[in-house]
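For reference, the structure discussed in these notes is given below.
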Amino acid sequence: MRISYNWLKDYCKHDLSVEALAEKLTNAGLVVDTINPVDDDFCLEVEVTTNRPDCQGFIGIAREVATIVRSKLVIPGVDYETTTEKVNDLTGVTIEDNELCPRYTARIIKDVKIAPSPEWLQKRINSIGLRPVNNIVDITNYVLMESGQPLHAFDFDKLSGKKIIVRRAKKGETMEAIDGSKCMLTDEMLVIADAQRPVAIAGIMGGRDTEVSDTTKNILLESAFFDPRNVRRTSRKLSLISDSSYRFERRVDPECVDWASRRAAKMILDIAGGQVVEGVIDQNYLEGKKVSVTLRMSRLNSLLGLNIDKDTAKGILERLQFTIKPEGETEDNLTVEVPSFRGDVYREVDLIEEVARIHGYDKIPAESNIRVKLTQDNIFDKVTEKTKSVISGLGFDEVITDSIVGELQEKHGNIWSDDSSIKIMNPIRQDENLLRKALVHNLLRVKKHNQNYGVEKTNIYELSKIYLPRGDGEMPEEKECLSILGEEGFLSLKGVIETILSQLNIVQKLETRRCDFGLFNPEKSAELKLGGKLLGYIGELSREVINDYDFRSKPCVAELDFDILIENTNLESSYHKIPSFPIVTRDLAVVSDETVTWAEIKGCIESLNIVYVDGIEFFDVYRGKQIEKGKKSIAFRLIFRADDRTLKSEEVDKLQEEILENLSNAFGIKLRA
Amino acid sequence: MQERLSEIQNQAKEDLAKAESLEEVEKIKTRYLGRKAGVINEIIKSIPGLPPEQRSSTGKSANILKKEIGKWIEERKSEFNTSSEASLTLPSLDLSLPGEHKPYGHKHPITQTIDEIKGIFRKLGFDIEYGPEVEHEYYNFDALNIPADHPSREDFDTFYLGNKRLLRSQTSTVQIRVMEKKQPPIRMIAPGKVFRPDTVDARHASMFHQIEGLMVDEGVSFSDLKYVLTLFAQSYFGQDIKMRFRPSFFPFTEPSAEIDISCSICKGTGCSVCSHSGWVEVLGAGMVDPNVFETVGYDAEKYTGFAFGLGVERLTMLKYGIDNIRLFFENDLRFLSQF
């Protein structure tokens, strides 16, 4: 809401500078965003929260100022002379749907002279950033801004049948609005119609056919109360928002409807001449029931942590125009009647807020008797924090990418689910309207972005949610995933995963099995399992993906189900006694068939259950000149140790022989010559 | 044979001169003077096979040479021993060369901010809670006292997924989920992603992070709210910041407040970050609305509480003077590695 500093003074005398006024309003809950000088005046942009429609007009804001500075609120007079002709003899109003329109008033002003507004009025209209049109339109706008009650002036002579029918639109009806937009109406929308056609969309905008023009002589002035929800729905459907709809959907003051009409009639008489026809058509279905609320001072003080007396609270509420009911007053209680413009106040706590904000939040002490309490530990946080520390420690930067993605994520095959992604019905961009089903594609985009800016090595990871569909209209499974992109090759990335497992004290073995995804190079990719459960996937990107993204390196990526990691994590480290006797090591190079895997070799040695074997460490695989084709040389170290003595060289020789013999029997493995 | 001896003498001299380390000198010693296969011993062993007239002179010469080489070896050894001490001052290593670097990874600045804030609230006894990102309309709106077709929904532009599902536009959803499960006392914060179809610009992203907080117990007051949030702001922004609590409106709190701190960029004198007001908004808060308690089945007469919410990106931007929210999600390593 824009207000003019000078104009506001019409309703409330004060001697605050514009800055001081802005500060007072801000501290009472009406934030002044900007102050702009306009000629000899200032325009203040006031942020009015949705619960305070009463402050959508100058008088409402003046009421706040008057309450704060303890001055008097001045309401303009609305008395004027009328003709002897009666309004009921000239026109009629029929409300067909009194739920959507519980109150409608009409006045008629005859023989007006349409002209530009006088200078003072144009200046005021300009001061709040509106453009003057003609005297009648300017007056209805002026009163709207003053009171918060929207008005509409029809060219009475253009109303077919000289009457008003408030009804739902008929299917297929259309209307051209004042701003030129053509509105297709539905039977859920409320319109103001004459005998033939809609002449306004109720509460939103008038029609072009019946608007006030230079030739207008007689005016029908509308002031009404329309159902806030229906105005809002219609305004959204037609994408038509106006100063009127903005106020109606926030709920106007039902008791201000006729006042605003009289105020405008008086101004028209003063400025545009003519005569106001006697009386008003006022179809009013609103129950004028007053809301009474009781405030307990004890509750107020305990909720706020204050110690203020009843008179202070009483004074504030009275200045805000709540009526104190003497019969409801006790030592602790105050009972008030809520004014009609404060529909937001209907409970004790609402009164507490009124007292608190005028009294001043700054007067509430920042003190507490909160007792000391231990925070409950949370396994998810602990594992997350540890995992991120480990990966970052290994040189990977954490990234956070958008959960909303485009079709591209489906292009190179799905990791977790083949079901179609959940669609956003109102995306910002039509080509990014899906909830991601994997993280890895986003990492590729990050890699691409960095490569474009000359960063060649992108070792990154993300730990976030993906959204796996569970059937039409169902809530998706939100899976927490860890995705890593590494630039140092397959085994290096596998090593990162193994380090994470070991730092989380996961004892289950990491199992690998070849897998086949379009995303991966089939030679260097694997499905990972932990304790028999699917942990995730790891692989070097396929040639196709590398070409698609135009990568200059061959990144490897992995994506893991983080819940499986959490399940297997053991956050308690355990202590093992450090051995007292030294180890004996034997470095071996053996030749095996290509088909034999390291896991098989290691497994074979472990299956011998030799108590003195303390470790089996892989060195490298060699293929080349000295090795027969179809074979490979595998180098590794055997570590031997006994708990109670130093092993003798001869003992170790024997064990080594036993191991080699078993390897030979199982896989035909020979010691390399 | 005398010729062979002088050849050995020259060779030994040359070898020793070439030797670059103590180890090499030791090897030379073994080669020439070794008991088993040393060159000199080989000669002595071969003496019995020589013509008698040569035996005595060869023996003598060989012994002299043995002593001589032994002396040279000791000399050379002592040279190495002194030079190894002196080598510290020799200009062999340019100490100004850069050290070798292992890659160092960084947690995302948003993670770091969340971790820091979690740390502050953990000290104050707040538990950490999480909730789903895809939510039912009920948790995002209805249970939070935001009715359908109400203008208060305006402040929460939301992505819809159909069948009353949506991407949560606020972490306040977690309040409801926690209160549905637990009875008071409650002290919790809930960090997480939220989504809004805002026009993307330097200050708005369609995805960002919030932290919601909630404390419910008997006798919790606005004074407690001010106390806890003052401790938080002083811990996060510094002891000397000024704070301003001003009335505001949230459907799920009553009374509601917005909390400003003195602008960290201009120290309150006015700059573009604070729109020349000297204040920047950092938190929304308020006393939990009785309607919310009613929805989750708490006795609003017995229990009171406060809730608050903050924007993680906003706080991070304020702390470091970052002027564009998009930087957080572009993930440029030149940006990420600064934190």
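Quick note on naming: the chains in the structure tokens go A, B, ... in the order shown, residues restart at 1 in each chain, and ligands are numbered from 1 in order of appearance.
Excluding Glu180 of chain B itself and same-chain residues fewer than 4 positions from it, the residues having an atom within 12 Å of it are Tyr139, Ala143, Thr173, Val174, Gln175, Ile176, Pro184, Ile186, Val292, Phe293, Glu294, Thr295, Val296, Gly297 and Tyr298 of chain B, counting only C-alpha atoms.
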Contact residues around segment 495-511 of chain A with only C-alpha atoms at 6 Å, ignoring same-chain residues under 3 positions, as a list in words:
Leu491, Ser492, Leu528, Lys529, Leu530, Gly531, Asn568, Thr569 and Asn570 of chain A
Show me which bits of chain B are within 8 Å of chain A, counting only C-alpha atoms, as number ranges by chain.
B: 102-108, 122-128, 132-135, 149-152, 159-163, 165, 197-199, 207, 219-227, 230, 244-249, 254-256, 304, 328-333, 336-337
Residue neighbourhood Asp309 of chain A, 10 Å, only C-alpha atoms, exclusion window fewer than 5 positions, as a short mmCIF file (atom, residue, chain, number, x, y, z; two decimals) with N, CA, C and O atoms, in the first residue's frame:
data_model
loop_
_atom_site.label_atom_id
_atom_site.label_comp_id
_atom_site.auth_asym_id
_atom_site.auth_seq_id
_atom_site.Cartn_x
_atom_site.Cartn_y
_atom_site.Cartn_z
N MET A 297 -5.52 -10.72 31.81
CA MET A 297 -4.22 -10.06 31.95
C MET A 297 -3.14 -11.06 32.38
O MET A 297 -1.99 -10.97 31.97
N SER A 298 -3.57 -12.04 33.20
CA SER A 298 -2.59 -13.03 33.67
C SER A 298 -2.05 -13.84 32.48
O SER A 298 -0.86 -14.12 32.38
N ASN A 301 0.28 -11.57 30.34
CA ASN A 301 1.61 -11.39 30.92
C ASN A 301 2.44 -12.67 30.90
O ASN A 301 3.65 -12.62 30.69
N LYS A 314 -5.94 -1.71 28.34
CA LYS A 314 -7.24 -1.10 28.05
C LYS A 314 -7.07 0.12 27.15
O LYS A 314 -7.78 0.27 26.14
N ASP A 332 -8.90 -9.31 36.68
CA ASP A 332 -7.96 -9.87 35.71
C ASP A 332 -8.47 -9.74 34.27
O ASP A 332 -7.67 -9.74 33.34
#
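The gap separating atom CA of Ser649 of chain A from atom CA of Leu608 of chain A is 19.9 Å, in Å to one decimal.
Of the residues under consideration (B:Lys60, B:Asp217, B:Leu318, B:Ile110), B:Lys60 shows the shortest atom-to-atom contact distance to Ile47 of chain B when counting only C-alpha atoms.
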Mind the document's chain letters and residue numbers, and return as number ranges by chain the residues of segment 308-345 of chain A that DSSP labels helix (DSSP H, G or I).
A: 310-319, 326-328
Give me every strand (DSSP E or B) residue in segment 289-319 of chain B, going by DSSP on the backbone, as a PDB file with N, CA and C atoms, in the first residue's frame.
ATOM      1  N   TYR B 303      -0.132 -25.697  27.296  1.00  0.00           N
ATOM      2  CA  TYR B 303       1.179 -25.551  26.669  1.00  0.00           C
ATOM      3  C   TYR B 303       1.248 -24.283  25.822  1.00  0.00           C
ATOM      4  N   THR B 304       2.391 -23.653  25.854  1.00  0.00           N
ATOM      5  CA  THR B 304       2.665 -22.559  24.927  1.00  0.00           C
ATOM      6  C   THR B 304       4.020 -22.848  24.295  1.00  0.00           C
ATOM      7  N   GLY B 305       4.300 -22.137  23.241  1.00  0.00           N
ATOM      8  CA  GLY B 305       5.584 -22.401  22.591  1.00  0.00           C
ATOM      9  C   GLY B 305       5.915 -21.330  21.587  1.00  0.00           C
ATOM     10  N   PHE B 306       7.154 -21.368  21.133  1.00  0.00           N
ATOM     11  CA  PHE B 306       7.504 -20.454  20.052  1.00  0.00           C
ATOM     12  C   PHE B 306       8.104 -21.234  18.894  1.00  0.00           C
ATOM     13  N   ALA B 307       7.985 -20.651  17.717  1.00  0.00           N
ATOM     14  CA  ALA B 307       8.555 -21.255  16.508  1.00  0.00           C
ATOM     15  C   ALA B 307       9.334 -20.167  15.787  1.00  0.00           C
ATOM     16  N   PHE B 308      10.303 -20.577  15.016  1.00  0.00           N
ATOM     17  CA  PHE B 308      11.044 -19.596  14.223  1.00  0.00           C
ATOM     18  C   PHE B 308      11.558 -20.255  12.958  1.00  0.00           C
ATOM     19  N   GLY B 309      11.899 -19.421  11.984  1.00  0.00           N
ATOM     20  CA  GLY B 309      12.420 -19.960  10.734  1.00  0.00           C
ATOM     21  C   GLY B 309      13.451 -19.003  10.169  1.00  0.00           C
ATOM     22  N   LEU B 310      14.430 -19.568   9.504  1.00  0.00           N
ATOM     23  CA  LEU B 310      15.447 -18.710   8.889  1.00  0.00           C
ATOM     24  C   LEU B 310      15.868 -19.287   7.548  1.00  0.00           C
ATOM     25  N   GLY B 311      16.368 -18.416   6.685  1.00  0.00           N
ATOM     26  CA  GLY B 311      16.845 -18.831   5.373  1.00  0.00           C
ATOM     27  C   GLY B 311      18.349 -19.013   5.405  1.00  0.00           C
TER      28      GLY B 311
END
Pairwise distance for atom CA of Val257 of chain A and atom CA of Cys12 of chain A, rounded to one decimal in Å
21.9 Å
